[in-house]
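Asks: This structure is in structure tokens; I'll ask about it shortly.
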Amino acid sequence: MSVKNITPTISVVGPTGEPLTLNDLPPSNTKRWVIRRKAEVVAAVRGGLLSLEDACQKYTLSVEEFLSWQRAIDQDGLLGLRVTRVQDYRKPKPDPIHH
């Protein structure tokens with residue numbers, strides 16, 4: 001009888017509260033970044049499942065782009081990751097003197 005080495009599946013808490021493993025992450029060729037996928041990558045990095053460097057390399061992201069996702073979640077929750085919402089948040093406030 002042989003004993004196999006079984007490595008436990010490491011997981012972190014994902015954006016929905018469910019366990020998230022490396023196998024649950026979006027594929028490296030992801031082109032369409034919906035809220036859930038961005039949030040999963042952020043959760044994986046924050047939980048130590050994936051390093052920031054590995055995430056940026058795997059998904060061809062700049063550090064600035066990843067950090068913007070992280071900031072959006074911190075400031076506005078998951079809805080902050082919506083592209084249309086990000087545009088709204090980035091609009092400069094009107095100058096009351098000139099309006």
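A note on labels: chains of the structure tokens are A, B, ... as shown, every chain counts residues from 1, and ligands are counted from 1 in their shown order.
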Name all residues at most 12 Å from Glu18 (chain A) (count only C-alpha atoms; drop same-chain ones fewer than 6 positions away) and give them as JSON, numbers by chain.

Replies: {"A": [11, 12, 24, 40, 43]}

Asks: Please determine, counting only C-alpha atoms, which residue among A:Trp69, A:Ile10, A:Tyr59, A:Ile35 has the shortest atom-to-atom distance to Asn23 (chain A).

Replies: A:Ile10

Asks: So that I can see what lies close to Gly14 (chain A), please list as a PyMOL selection string the residues with an atom at most 12 Å from it, counting only C-alpha atoms and leaving out residues fewer than 3 positions away in the same chain.

Replies: chain A and resi 11+17-22+24-25+36-49+78

Asks: Keeping only N, CA and C atoms, write the selected residues to a file as a short mmCIF file (atom, residue, chain, number, x, y, z; two decimals), in the first residue's frame.

Replies:
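Saved as selection11.cif:
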data_model
loop_
_atom_site.label_atom_id
_atom_site.label_comp_id
_atom_site.auth_asym_id
_atom_site.auth_seq_id
_atom_site.Cartn_x
_atom_site.Cartn_y
_atom_site.Cartn_z
N SER A 11 -6.83 28.08 0.03
CA SER A 11 -7.90 28.98 -0.40
C SER A 11 -7.92 30.22 0.47
N GLY A 17 -17.61 35.72 -0.41
CA GLY A 17 -17.57 35.06 0.88
C GLY A 17 -17.27 33.58 0.79
N GLU A 18 -17.25 33.05 -0.41
CA GLU A 18 -16.95 31.64 -0.65
C GLU A 18 -15.44 31.45 -0.75
N PRO A 19 -14.95 30.22 -0.48
CA PRO A 19 -13.52 29.95 -0.65
C PRO A 19 -13.09 30.15 -2.11
N LEU A 20 -11.90 30.70 -2.28
CA LEU A 20 -11.35 30.97 -3.61
C LEU A 20 -9.98 30.31 -3.69
N THR A 21 -9.78 29.46 -4.70
CA THR A 21 -8.49 28.80 -4.89
C THR A 21 -7.87 29.29 -6.20
N LEU A 22 -6.63 28.91 -6.44
CA LEU A 22 -5.98 29.28 -7.71
C LEU A 22 -6.78 28.76 -8.90
N ASP A 24 -9.90 28.62 -9.17
CA ASP A 24 -11.12 29.43 -9.34
C ASP A 24 -10.85 30.76 -10.02
N LEU A 25 -9.59 31.14 -10.10
CA LEU A 25 -9.24 32.44 -10.68
C LEU A 25 -9.51 32.47 -12.18
N ARG A 36 -16.73 40.63 -11.00
CA ARG A 36 -16.39 39.43 -10.24
C ARG A 36 -14.95 39.00 -10.48
N ARG A 37 -14.50 39.03 -11.72
CA ARG A 37 -13.14 38.59 -12.05
C ARG A 37 -12.10 39.52 -11.42
N LYS A 38 -12.33 40.82 -11.53
CA LYS A 38 -11.41 41.78 -10.91
C LYS A 38 -11.35 41.54 -9.40
N ALA A 39 -12.51 41.38 -8.79
CA ALA A 39 -12.59 41.19 -7.34
C ALA A 39 -11.90 39.90 -6.91
N GLU A 40 -12.00 38.85 -7.73
CA GLU A 40 -11.33 37.59 -7.41
C GLU A 40 -9.82 37.76 -7.42
N VAL A 41 -9.30 38.47 -8.39
CA VAL A 41 -7.85 38.68 -8.47
C VAL A 41 -7.38 39.52 -7.28
N VAL A 42 -8.13 40.56 -6.93
CA VAL A 42 -7.77 41.39 -5.78
C VAL A 42 -7.80 40.54 -4.50
N ALA A 43 -8.84 39.73 -4.33
CA ALA A 43 -8.95 38.88 -3.14
C ALA A 43 -7.80 37.88 -3.07
N ALA A 44 -7.41 37.34 -4.22
CA ALA A 44 -6.32 36.37 -4.26
C ALA A 44 -5.00 37.01 -3.83
N VAL A 45 -4.75 38.22 -4.30
CA VAL A 45 -3.51 38.91 -3.93
C VAL A 45 -3.55 39.30 -2.45
N ARG A 46 -4.66 39.87 -2.02
CA ARG A 46 -4.78 40.28 -0.61
C ARG A 46 -4.66 39.10 0.34
N GLY A 47 -5.18 37.95 -0.08
CA GLY A 47 -5.15 36.77 0.77
C GLY A 47 -3.86 35.98 0.69
N GLY A 48 -2.94 36.40 -0.19
CA GLY A 48 -1.66 35.71 -0.31
C GLY A 48 -1.69 34.49 -1.21
N LEU A 49 -2.78 34.31 -1.93
CA LEU A 49 -2.89 33.19 -2.85
C LEU A 49 -2.01 33.41 -4.08
N LEU A 78 -17.65 46.56 -4.35
CA LEU A 78 -17.54 45.89 -5.65
C LEU A 78 -18.08 46.75 -6.79
#

Asks: Quick one: everything within 10 Å of Gly77 (chain A), counting only C-alpha atoms, minus sequence neighbours fewer than 5 positions away in the same chain. Send it as a list in words.

Replies: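 Surrounding residues, per the criterion: Pro15, Ala39, Gln70, Arg71 and Ala72 of chain A.
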
Asks: For Leu81 (chain A), which residue out of A:Ser68, A:Pro27, A:Arg32, A:Asp54 is the nearest one, using only C-alpha atoms?

Replies: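 Closest to Leu81 (chain A) of all the choices is A:Ser68.
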